[in-house]
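Raw contents of start.cif, mmCIF, C-alpha atoms:
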data_start
loop_
_atom_site.group_PDB
_atom_site.id
_atom_site.type_symbol
_atom_site.label_atom_id
_atom_site.label_comp_id
_atom_site.auth_asym_id
_atom_site.auth_seq_id
_atom_site.Cartn_x
_atom_site.Cartn_y
_atom_site.Cartn_z
ATOM 1 C CA MET A 1 -6.806 -7.745 -25.143
ATOM 2 C CA LYS A 2 -7.129 -4.485 -23.244
ATOM 3 C CA ASP A 3 -10.647 -5.347 -22.015
ATOM 4 C CA LEU A 4 -9.531 -8.797 -20.846
ATOM 5 C CA ILE A 5 -6.631 -7.284 -18.900
ATOM 6 C CA GLU A 6 -8.957 -4.774 -17.232
ATOM 7 C CA SER A 7 -11.308 -7.609 -16.241
ATOM 8 C CA PHE A 8 -8.372 -9.472 -14.746
ATOM 9 C CA LEU A 9 -7.146 -6.405 -12.822
ATOM 10 C CA ASN A 10 -10.643 -5.787 -11.462
ATOM 11 C CA TYR A 11 -10.744 -9.408 -10.356
ATOM 12 C CA ILE A 12 -7.483 -9.223 -8.400
ATOM 13 C CA ILE A 13 -8.611 -5.972 -6.743
ATOM 14 C CA VAL A 14 -11.900 -7.452 -5.544
ATOM 15 C CA GLU A 15 -10.980 -11.094 -4.940
ATOM 16 C CA CYS A 16 -7.303 -10.993 -3.981
ATOM 17 C CA GLY A 17 -7.102 -7.713 -2.090
ATOM 18 C CA LEU A 18 -3.676 -6.888 -3.510
ATOM 19 C CA SER A 19 -1.961 -3.598 -2.729
ATOM 20 C CA LYS A 20 -1.915 -0.607 -5.092
ATOM 21 C CA ASN A 21 1.782 -1.133 -5.821
ATOM 22 C CA THR A 22 1.232 -4.805 -6.716
ATOM 23 C CA LEU A 23 -1.643 -3.829 -8.997
ATOM 24 C CA LEU A 24 0.551 -1.276 -10.771
ATOM 25 C CA SER A 25 3.227 -3.943 -11.245
ATOM 26 C CA TYR A 26 0.705 -6.321 -12.849
ATOM 27 C CA ARG A 27 -0.501 -3.534 -15.136
ATOM 28 C CA ARG A 28 3.054 -2.637 -16.231
ATOM 29 C CA ASP A 29 4.002 -6.267 -16.841
ATOM 30 C CA LEU A 30 0.916 -6.994 -18.919
ATOM 31 C CA GLN A 31 1.314 -3.777 -20.910
ATOM 32 C CA MET A 32 4.884 -4.818 -21.708
ATOM 33 C CA PHE A 33 3.622 -8.243 -22.815
ATOM 34 C CA THR A 34 0.834 -6.889 -25.049
ATOM 35 C CA ASP A 35 3.251 -4.376 -26.627
ATOM 36 C CA PHE A 36 5.480 -7.321 -27.534
ATOM 37 C CA LEU A 37 2.520 -9.285 -28.957
ATOM 38 C CA ARG A 38 1.448 -6.348 -31.128
ATOM 39 C CA SER A 39 5.002 -6.035 -32.452
ATOM 40 C CA LYS A 40 4.573 -9.636 -33.632
ATOM 41 C CA ASN A 41 1.079 -8.924 -35.063
ATOM 42 C CA ILE A 42 -0.545 -11.088 -32.396
ATOM 43 C CA LEU A 43 -3.799 -9.375 -31.449
ATOM 44 C CA ASP A 44 -5.507 -12.134 -29.496
ATOM 45 C CA PHE A 45 -4.362 -13.980 -26.361
ATOM 46 C CA SER A 46 -5.658 -17.240 -27.866
ATOM 47 C CA ASN A 47 -2.986 -17.010 -30.579
ATOM 48 C CA VAL A 48 -0.101 -17.002 -28.092
ATOM 49 C CA ARG A 49 1.951 -20.209 -28.144
ATOM 50 C CA PRO A 50 4.799 -21.508 -25.956
ATOM 51 C CA ASP A 51 7.412 -20.312 -28.464
ATOM 52 C CA THR A 52 5.835 -16.829 -28.272
ATOM 53 C CA ILE A 53 6.510 -16.764 -24.533
ATOM 54 C CA THR A 54 10.080 -17.938 -25.100
ATOM 55 C CA SER A 55 10.588 -15.184 -27.705
ATOM 56 C CA PHE A 56 9.178 -12.655 -25.248
ATOM 57 C CA ILE A 57 11.690 -13.724 -22.558
ATOM 58 C CA ILE A 58 14.610 -13.517 -25.015
ATOM 59 C CA SER A 59 13.419 -10.148 -26.350
ATOM 60 C CA GLU A 60 13.142 -8.567 -22.891
ATOM 61 C CA LYS A 61 16.545 -9.936 -21.864
ATOM 62 C CA LYS A 62 18.129 -8.399 -24.987
ATOM 63 C CA ARG A 63 16.344 -5.144 -24.183
ATOM 64 C CA GLY A 64 18.253 -5.054 -20.896
ATOM 65 C CA LEU A 65 15.489 -6.069 -18.482
ATOM 66 C CA SER A 66 16.760 -7.856 -15.383
ATOM 67 C CA ILE A 67 16.016 -11.539 -14.791
ATOM 68 C CA ASN A 68 14.050 -10.542 -11.679
ATOM 69 C CA SER A 69 11.800 -8.236 -13.729
ATOM 70 C CA ILE A 70 11.290 -10.844 -16.461
ATOM 71 C CA THR A 71 10.425 -13.491 -13.861
ATOM 72 C CA ARG A 72 7.871 -11.169 -12.284
ATOM 73 C CA ALA A 73 6.354 -10.470 -15.728
ATOM 74 C CA ILE A 74 5.991 -14.213 -16.372
ATOM 75 C CA VAL A 75 4.186 -14.578 -13.033
ATOM 76 C CA SER A 76 1.782 -11.785 -14.077
ATOM 77 C CA ILE A 77 1.132 -13.453 -17.437
ATOM 78 C CA ARG A 78 0.536 -16.828 -15.742
ATOM 79 C CA MET A 79 -2.008 -15.223 -13.428
ATOM 80 C CA LEU A 80 -3.760 -13.597 -16.403
ATOM 81 C CA TYR A 81 -4.055 -16.890 -18.293
ATOM 82 C CA LYS A 82 -5.299 -18.773 -15.233
ATOM 83 C CA PHE A 83 -7.998 -16.128 -14.846
ATOM 84 C CA LEU A 84 -8.989 -16.234 -18.530
ATOM 85 C CA ILE A 85 -9.251 -20.036 -18.483
ATOM 86 C CA SER A 86 -11.261 -20.035 -15.241
ATOM 87 C CA GLU A 87 -13.628 -17.502 -16.829
ATOM 88 C CA GLU A 88 -13.834 -19.704 -19.945
ATOM 89 C CA LYS A 89 -12.458 -16.930 -22.131
ATOM 90 C CA LEU A 90 -9.693 -19.267 -23.319
ATOM 91 C CA GLN A 91 -9.233 -23.008 -23.606
ATOM 92 C CA ARG A 92 -5.443 -23.346 -23.632
ATOM 93 C CA ASN A 93 -2.610 -22.030 -21.442
ATOM 94 C CA PRO A 94 0.587 -21.441 -23.468
ATOM 95 C CA LEU A 95 2.606 -21.157 -20.246
ATOM 96 C CA ALA A 96 1.824 -24.691 -19.071
ATOM 97 C CA SER A 97 5.166 -25.996 -20.328
ATOM 98 C CA ILE A 98 7.171 -22.792 -19.700
ATOM 99 C CA GLN A 99 9.421 -22.433 -16.658
ATOM 100 C CA SER A 100 10.242 -19.006 -15.270
ATOM 101 C CA PRO A 101 13.846 -17.878 -15.746
ATOM 102 C CA LYS A 102 16.000 -18.814 -12.783
ATOM 103 C CA LEU A 103 16.569 -15.817 -10.537
ATOM 104 C CA TRP A 104 20.113 -14.571 -10.298
ATOM 105 C CA MET A 105 20.878 -14.032 -6.647
ATOM 106 C CA LYS A 106 22.469 -10.594 -6.516
ATOM 107 C CA LEU A 107 24.194 -9.798 -3.238
ATOM 108 C CA PRO A 108 22.698 -6.669 -1.658
ATOM 109 C CA ASP A 109 24.879 -3.587 -1.330
ATOM 110 C CA VAL A 110 25.750 -2.757 2.267
ATOM 111 C CA ILE A 111 26.899 0.506 3.843
ATOM 112 C CA PRO A 112 29.944 0.084 6.117
ATOM 113 C CA ILE A 113 29.253 0.825 9.790
ATOM 114 C CA ASN A 114 31.605 3.823 9.841
ATOM 115 C CA LYS A 115 29.610 5.424 7.010
ATOM 116 C CA ILE A 116 26.332 4.576 8.762
ATOM 117 C CA ASP A 117 27.628 6.463 11.827
ATOM 118 C CA LYS A 118 28.601 9.392 9.621
ATOM 119 C CA LEU A 119 25.203 9.430 7.909
ATOM 120 C CA LEU A 120 23.246 9.306 11.169
ATOM 121 C CA SER A 121 25.301 12.092 12.760
ATOM 122 C CA THR A 122 24.931 14.467 9.776
ATOM 123 C CA PRO A 123 21.407 15.950 10.290
ATOM 124 C CA ASP A 124 21.580 19.347 12.005
ATOM 125 C CA VAL A 125 19.725 18.739 15.278
ATOM 126 C CA THR A 126 19.729 22.455 16.067
ATOM 127 C CA THR A 127 16.962 22.792 13.469
ATOM 128 C CA LYS A 128 13.439 21.351 13.568
ATOM 129 C CA ILE A 129 13.774 19.632 10.166
ATOM 130 C CA GLY A 130 17.183 18.238 11.107
ATOM 131 C CA ILE A 131 15.681 16.731 14.254
ATOM 132 C CA ARG A 132 12.935 15.093 12.181
ATOM 133 C CA ASN A 133 15.356 13.781 9.571
ATOM 134 C CA LYS A 134 17.632 12.288 12.214
ATOM 135 C CA ALA A 135 14.647 10.496 13.760
ATOM 136 C CA ILE A 136 13.715 9.048 10.358
ATOM 137 C CA LEU A 137 17.243 7.840 9.589
ATOM 138 C CA GLU A 138 17.813 6.399 13.069
ATOM 139 C CA LEU A 139 14.494 4.548 12.915
ATOM 140 C CA MET A 140 15.193 3.116 9.455
ATOM 141 C CA TYR A 141 18.570 1.731 10.451
ATOM 142 C CA ALA A 142 17.322 0.565 13.875
ATOM 143 C CA THR A 143 14.419 -1.438 12.451
ATOM 144 C CA GLY A 144 15.248 -2.271 8.824
ATOM 145 C CA ALA A 145 11.778 -1.027 7.904
ATOM 146 C CA ARG A 146 10.901 -0.499 4.261
ATOM 147 C CA VAL A 147 10.541 3.132 3.194
ATOM 148 C CA SER A 148 6.809 2.558 2.536
ATOM 149 C CA GLU A 149 6.435 1.240 6.088
ATOM 150 C CA VAL A 150 8.171 4.286 7.559
ATOM 151 C CA SER A 151 5.999 6.724 5.602
ATOM 152 C CA ALA A 152 2.852 4.870 6.749
ATOM 153 C CA LEU A 153 3.769 4.757 10.458
ATOM 154 C CA GLN A 154 1.009 5.893 12.799
ATOM 155 C CA MET A 155 1.571 7.553 16.166
ATOM 156 C CA ASP A 156 -0.148 4.708 18.042
ATOM 157 C CA TRP A 157 2.056 2.092 16.350
ATOM 158 C CA LEU A 158 5.024 3.348 18.332
ATOM 159 C CA ASN A 159 5.741 2.300 21.919
ATOM 160 C CA LEU A 160 8.842 4.105 23.141
ATOM 161 C CA GLU A 161 8.421 2.917 26.730
ATOM 162 C CA TYR A 162 8.893 -0.719 25.747
ATOM 163 C CA GLY A 163 11.019 0.064 22.689
ATOM 164 C CA TYR A 164 9.144 -1.327 19.714
ATOM 165 C CA VAL A 165 7.260 -0.224 16.619
ATOM 166 C CA LYS A 166 4.524 -1.939 14.628
ATOM 167 C CA CYS A 167 5.241 -2.132 10.901
ATOM 168 C CA ARG A 168 2.622 -2.910 8.293
ATOM 169 C CA GLY A 169 4.400 -4.570 5.379
ATOM 170 C CA LYS A 170 3.500 -6.193 2.076
ATOM 171 C CA GLY A 171 -0.004 -7.605 1.934
ATOM 172 C CA SER A 172 -0.901 -5.519 5.025
ATOM 173 C CA LYS A 173 0.950 -8.039 7.214
ATOM 174 C CA GLU A 174 1.906 -6.608 10.574
ATOM 175 C CA ARG A 175 4.978 -7.298 12.668
ATOM 176 C CA ILE A 176 6.541 -5.910 15.823
ATOM 177 C CA VAL A 177 10.149 -4.719 15.540
ATOM 178 C CA PRO A 178 12.407 -3.621 18.425
ATOM 179 C CA VAL A 179 13.773 -0.064 18.404
ATOM 180 C CA GLY A 180 17.217 0.705 19.867
ATOM 181 C CA THR A 181 17.972 3.400 22.436
ATOM 182 C CA LYS A 182 19.598 5.833 19.979
ATOM 183 C CA ALA A 183 16.560 5.708 17.695
ATOM 184 C CA ILE A 184 14.232 6.110 20.694
ATOM 185 C CA GLU A 185 16.153 9.217 21.809
ATOM 186 C CA ALA A 186 15.971 10.719 18.313
ATOM 187 C CA ILE A 187 12.227 10.023 18.007
ATOM 188 C CA LYS A 188 11.506 11.436 21.464
ATOM 189 C CA ASN A 189 13.383 14.601 20.522
ATOM 190 C CA TYR A 190 11.323 14.874 17.319
ATOM 191 C CA LEU A 191 8.046 14.325 19.198
ATOM 192 C CA GLU A 192 8.915 16.889 21.875
ATOM 193 C CA VAL A 193 10.615 19.608 19.812
ATOM 194 C CA THR A 194 9.553 19.399 16.159
ATOM 195 C CA ARG A 195 6.240 17.658 15.660
ATOM 196 C CA PRO A 196 4.143 19.882 18.002
ATOM 197 C CA LYS A 197 5.275 22.941 15.992
ATOM 198 C CA ILE A 198 4.211 21.518 12.634
ATOM 199 C CA LYS A 199 0.992 22.955 11.238
ATOM 200 C CA ASN A 200 -2.103 20.816 11.984
ATOM 201 C CA SER A 201 0.060 18.086 13.558
ATOM 202 C CA LYS A 202 -2.570 17.331 16.220
ATOM 203 C CA ALA A 203 -5.069 16.435 13.500
ATOM 204 C CA SER A 204 -2.772 13.806 11.953
ATOM 205 C CA ASN A 205 -2.023 10.348 13.304
ATOM 206 C CA TYR A 206 0.963 9.890 10.961
ATOM 207 C CA LEU A 207 4.286 9.915 12.773
ATOM 208 C CA PHE A 208 6.427 11.767 10.254
ATOM 209 C CA LEU A 209 5.054 14.963 8.743
ATOM 210 C CA SER A 210 6.199 17.564 6.232
ATOM 211 C CA LYS A 211 6.473 21.276 7.090
ATOM 212 C CA SER A 212 2.889 21.729 5.922
ATOM 213 C CA GLY A 213 1.590 18.896 8.126
ATOM 214 C CA ARG A 214 1.131 16.312 5.397
ATOM 215 C CA PRO A 215 2.387 12.728 5.830
ATOM 216 C CA LEU A 216 5.801 12.212 4.252
ATOM 217 C CA CYS A 217 5.539 9.996 1.173
ATOM 218 C CA ARG A 218 8.158 7.449 0.100
ATOM 219 C CA GLU A 219 9.679 9.910 -2.360
ATOM 220 C CA ASN A 220 10.125 12.516 0.399
ATOM 221 C CA ILE A 221 12.022 10.037 2.555
ATOM 222 C CA TRP A 222 14.157 8.898 -0.382
ATOM 223 C CA VAL A 223 15.184 12.542 -0.955
ATOM 224 C CA ILE A 224 16.005 12.974 2.764
ATOM 225 C CA VAL A 225 18.313 9.942 2.662
ATOM 226 C CA LYS A 226 19.965 11.082 -0.583
ATOM 227 C CA LYS A 227 20.526 14.681 0.545
ATOM 228 C CA THR A 228 21.868 13.606 3.931
ATOM 229 C CA ALA A 229 24.344 11.242 2.260
ATOM 230 C CA LEU A 230 25.575 14.039 -0.029
ATOM 231 C CA LYS A 231 25.933 16.382 2.935
ATOM 232 C CA ALA A 232 27.937 13.684 4.731
ATOM 233 C CA ASP A 233 30.283 13.466 1.697
ATOM 234 C CA ILE A 234 29.321 9.840 1.120
ATOM 235 C CA ASN A 235 29.750 9.533 -2.619
ATOM 236 C CA GLU A 236 28.393 6.023 -3.137
ATOM 237 C CA HIS A 237 24.714 5.539 -3.924
ATOM 238 C CA ILE A 238 22.701 5.334 -0.704
ATOM 239 C CA SER A 239 18.984 4.608 -0.648
ATOM 240 C CA PRO A 240 16.403 3.683 2.008
ATOM 241 C CA HIS A 241 16.573 0.060 0.853
ATOM 242 C CA LYS A 242 20.343 0.072 1.255
ATOM 243 C CA LEU A 243 19.797 1.022 4.911
ATOM 244 C CA ARG A 244 17.505 -2.021 5.183
ATOM 245 C CA HIS A 245 20.193 -4.253 3.627
ATOM 246 C CA SER A 246 22.769 -2.838 6.041
ATOM 247 C CA PHE A 247 20.501 -3.406 9.055
ATOM 248 C CA ALA A 248 20.146 -7.099 8.205
ATOM 249 C CA THR A 249 23.786 -7.700 7.313
ATOM 250 C CA HIS A 250 25.174 -5.925 10.372
ATOM 251 C CA LEU A 251 22.876 -7.944 12.654
ATOM 252 C CA LEU A 252 24.071 -11.229 11.147
ATOM 253 C CA GLU A 253 27.716 -10.162 11.262
ATOM 254 C CA ASN A 254 27.347 -9.489 14.967
ATOM 255 C CA GLY A 255 25.808 -12.884 15.753
ATOM 256 C CA ALA A 256 22.045 -12.501 15.286
ATOM 257 C CA ASP A 257 20.255 -15.692 14.227
ATOM 258 C CA LEU A 258 18.681 -15.888 10.788
ATOM 259 C CA ARG A 259 15.151 -16.597 12.044
ATOM 260 C CA SER A 260 15.100 -13.441 14.191
ATOM 261 C CA VAL A 261 16.352 -11.295 11.312
ATOM 262 C CA GLN A 262 13.673 -12.836 9.083
ATOM 263 C CA GLU A 263 10.992 -11.822 11.614
ATOM 264 C CA MET A 264 12.294 -8.271 11.880
ATOM 265 C CA LEU A 265 12.498 -7.833 8.103
ATOM 266 C CA GLY A 266 9.019 -9.272 7.603
ATOM 267 C CA HIS A 267 10.131 -11.905 5.088
ATOM 268 C CA VAL A 268 7.624 -14.701 4.539
ATOM 269 C CA ASN A 269 10.313 -17.208 3.522
ATOM 270 C CA VAL A 270 13.650 -17.600 5.256
ATOM 271 C CA SER A 271 15.238 -18.168 1.826
ATOM 272 C CA THR A 272 14.721 -14.456 1.124
ATOM 273 C CA THR A 273 16.694 -13.599 4.251
ATOM 274 C CA GLN A 274 19.461 -16.109 3.538
ATOM 275 C CA ILE A 275 20.956 -13.854 0.868
ATOM 276 C CA TYR A 276 22.317 -11.710 3.707
ATOM 277 C CA THR A 277 24.280 -14.665 5.070
ATOM 278 C CA ASN A 278 26.267 -14.651 1.813
ATOM 279 C CA VAL A 279 27.243 -11.037 2.474
ATOM 280 C CA SER A 280 28.145 -11.958 6.047
ATOM 281 C CA LYS A 281 30.334 -14.866 4.865
ATOM 282 C CA LYS A 282 32.066 -12.524 2.453
ATOM 283 C CA HIS A 283 32.836 -10.212 5.391
ATOM 284 C CA LEU A 284 34.197 -13.103 7.480
ATOM 285 C CA LYS A 285 36.465 -14.187 4.631
ATOM 286 C CA ALA A 286 37.823 -10.649 4.307
ATOM 287 C CA VAL A 287 38.502 -10.504 8.051
ATOM 288 C CA HIS A 288 40.244 -13.885 7.917
ATOM 289 C CA GLN A 289 42.471 -12.831 5.030
ATOM 290 C CA GLN A 290 43.365 -9.560 6.749
ATOM 291 C CA PHE A 291 44.201 -10.867 10.210
ATOM 292 C CA HIS A 292 45.190 -14.531 9.915
ATOM 293 C CA PRO A 293 48.982 -14.979 10.055
ATOM 294 C CA ARG A 294 48.837 -17.422 7.118
ATOM 295 C CA PRO A 295 45.901 -16.192 4.974
#
This structure in structure tokens:
Amino acid sequence: MKDLIESFLNYIIVECGLSKNTLLSYRRDLQMFTDFLRSKNILDFSNVRPDTITSFIISEKKRGLSINSITRAIVSIRMLYKFLISEEKLQRNPLASIQSPKLWMKLPDVIPINKIDKLLSTPDVTTKIGIRNKAILELMYATGARVSEVSALQMDWLNLEYGYVKCRGKGSKERIVPVGTKAIEAIKNYLEVTRPKIKNSKASNYLFLSKSGRPLCRENIWVIVKKTALKADINEHISPHKLRHSFATHLLENGADLRSVQEMLGHVNVSTTQIYTNVSKKHLKAVHQQFHPRP
């Protein structure tokens, strides 16, 4: 089974051009599936039957795996079997009659605007690192960019004169996102005061650099967000993705149209963006109950 999985992974690298993160997800999902099969003494993919897949779903749910993760694993297994059948390694697809578990729509957590203001005003802009960190936080909230997109930003993807940044999202898809004046001011300050003093900064085209001149990775930015939140005495869990959720929700609450928010987030399907309208409706209901004379 291991050799067949490796053949499949090589195929999706060469033929599908999937990202490294997507490849790692496929590998994890298929490892989880083969571990389950071995626990049932099934050592060949041809011996998997529809009830085996059903047992796998039930087993992973009991183990505490989320419905989203199980659904993604089923997609990975489907892709594997389609590949094996197309390569004539197998004759039968046990997933043909299996439907993926229905996704539970979990409302995204959102940071209140007053706490966003507190977070963004916390970095010490009298220090070079504080100036950089403020620029990162302001940009993340101004654009709703994913943390991976922020870490990958290149100098020539930023146009401060016209106020936009180019983001390269999932599947290397590019989009242009507006940048607000506060974020532009913070980035200009970083470019003028901090970045030129970073070692070997002229040799790098990455926008955000560490003290040693290396590009900041996703983990670095996650730590910056976490430490800034702690320093701001914000006790609730705050992550880069929570800033992205807050960006989208606050836009919708203030009257932005769904299609524009979809474009800025880089969502392929508007249904992915619609989850934020549920959060916005929840906010409107709370406002109504608080201020209406007969709630």
Practice prompt. Run through the PyMOL selection byres ((chain A and resi 227) around 12) on the given coordinates and return the selected residues as a list in words.
Written response: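 Given this file, the PyMOL selection byres ((chain A and resi 227) around 12) evaluates to Leu119, Thr122, Pro123, Gly130, Asn133, Leu137, Asn220, Ile221, Trp222, Val223, Ile224, Val225, Lys226, Thr228, Ala229, Leu230, Lys231, Ala232, Asp233, Ile234, Asn235, His237, Ile238, Ser239 and Pro240 of chain A.
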Practice prompt. Would you mind listing what lies within 12 Å of Ala203 of chain A as a list in words, with all atoms listed in the file counted and same-chain residues fewer than 5 positions away left out?
Written response: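 The residues satisfying every condition are Met155, Arg195, Pro196, Ile198, Leu209, Gly213, Arg214 and Pro215 of chain A.
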The centre and edge lengths of an axis-aligned box containing all atoms of segment 3-14 of chain A present in the file, extended by 5 Å on each side, are to be given in Å to one decimal, as JSON.
{"center_x": -9.3, "center_y": -7.1, "center_z": -13.8, "size_x": 15.3, "size_y": 14.7, "size_z": 26.5}
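Among A:Thr181, A:Ser210, A:Ser59, A:Ser69, the residue with the shortest atom-to-atom distance to Lys128 of chain A, counting all atoms listed in the file, is A:Ser210.
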Discussion item. I need the residue nearest Leu95 of chain A from this list: A:Gln154, A:Asn159, A:Thr54, A:Ser212. Use all atoms listed in the file for the distance.
Written reply: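 Distance minimum relative to Leu95 of chain A lands on A:Thr54.
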Discussion item. Can you measure atom CA of Gly255 of chain A to atom CA of Gly169 of chain A for me? One decimal in Å is fine.
Written reply: 25.2 Å
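Candidate residues A:Ile42, A:Val179, A:Leu30, A:Leu37 were compared for distance to Ala73 of chain A, and the nearest is A:Leu30, using only C-alpha atoms.
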Worksheet item: When the PyMOL selection byres ((chain A and resi 242) around 8) is applied to the file above, which residues end up in the set, as a list of chain:residue names?
Response: A:Pro108, A:Asp109, A:Val110, A:Ile111, A:Ile238, A:Ser239, A:Pro240, A:His241, A:Leu243, A:Arg244, A:His245, A:Ser246
Specify as a PDB file with C-alpha atoms, in the coordinates of the input each residue included when the PyMOL selection byres ((chain A and resi 77) around 10) is applied to this file.
ATOM      1  CA  TYR A  26       0.705  -6.321 -12.849  1.00  0.00           C
ATOM      2  CA  ASP A  29       4.002  -6.267 -16.841  1.00  0.00           C
ATOM      3  CA  LEU A  30       0.916  -6.994 -18.919  1.00  0.00           C
ATOM      4  CA  PHE A  33       3.622  -8.243 -22.815  1.00  0.00           C
ATOM      5  CA  ILE A  53       6.510 -16.764 -24.533  1.00  0.00           C
ATOM      6  CA  THR A  71      10.425 -13.491 -13.861  1.00  0.00           C
ATOM      7  CA  ARG A  72       7.871 -11.169 -12.284  1.00  0.00           C
ATOM      8  CA  ALA A  73       6.354 -10.470 -15.728  1.00  0.00           C
ATOM      9  CA  ILE A  74       5.991 -14.213 -16.372  1.00  0.00           C
ATOM     10  CA  VAL A  75       4.186 -14.578 -13.033  1.00  0.00           C
ATOM     11  CA  SER A  76       1.782 -11.785 -14.077  1.00  0.00           C
ATOM     12  CA  ARG A  78       0.536 -16.828 -15.742  1.00  0.00           C
ATOM     13  CA  MET A  79      -2.008 -15.223 -13.428  1.00  0.00           C
ATOM     14  CA  LEU A  80      -3.760 -13.597 -16.403  1.00  0.00           C
ATOM     15  CA  TYR A  81      -4.055 -16.890 -18.293  1.00  0.00           C
ATOM     16  CA  LYS A  82      -5.299 -18.773 -15.233  1.00  0.00           C
ATOM     17  CA  PHE A  83      -7.998 -16.128 -14.846  1.00  0.00           C
ATOM     18  CA  LEU A  95       2.606 -21.157 -20.246  1.00  0.00           C
TER      19      LEU A  95
END
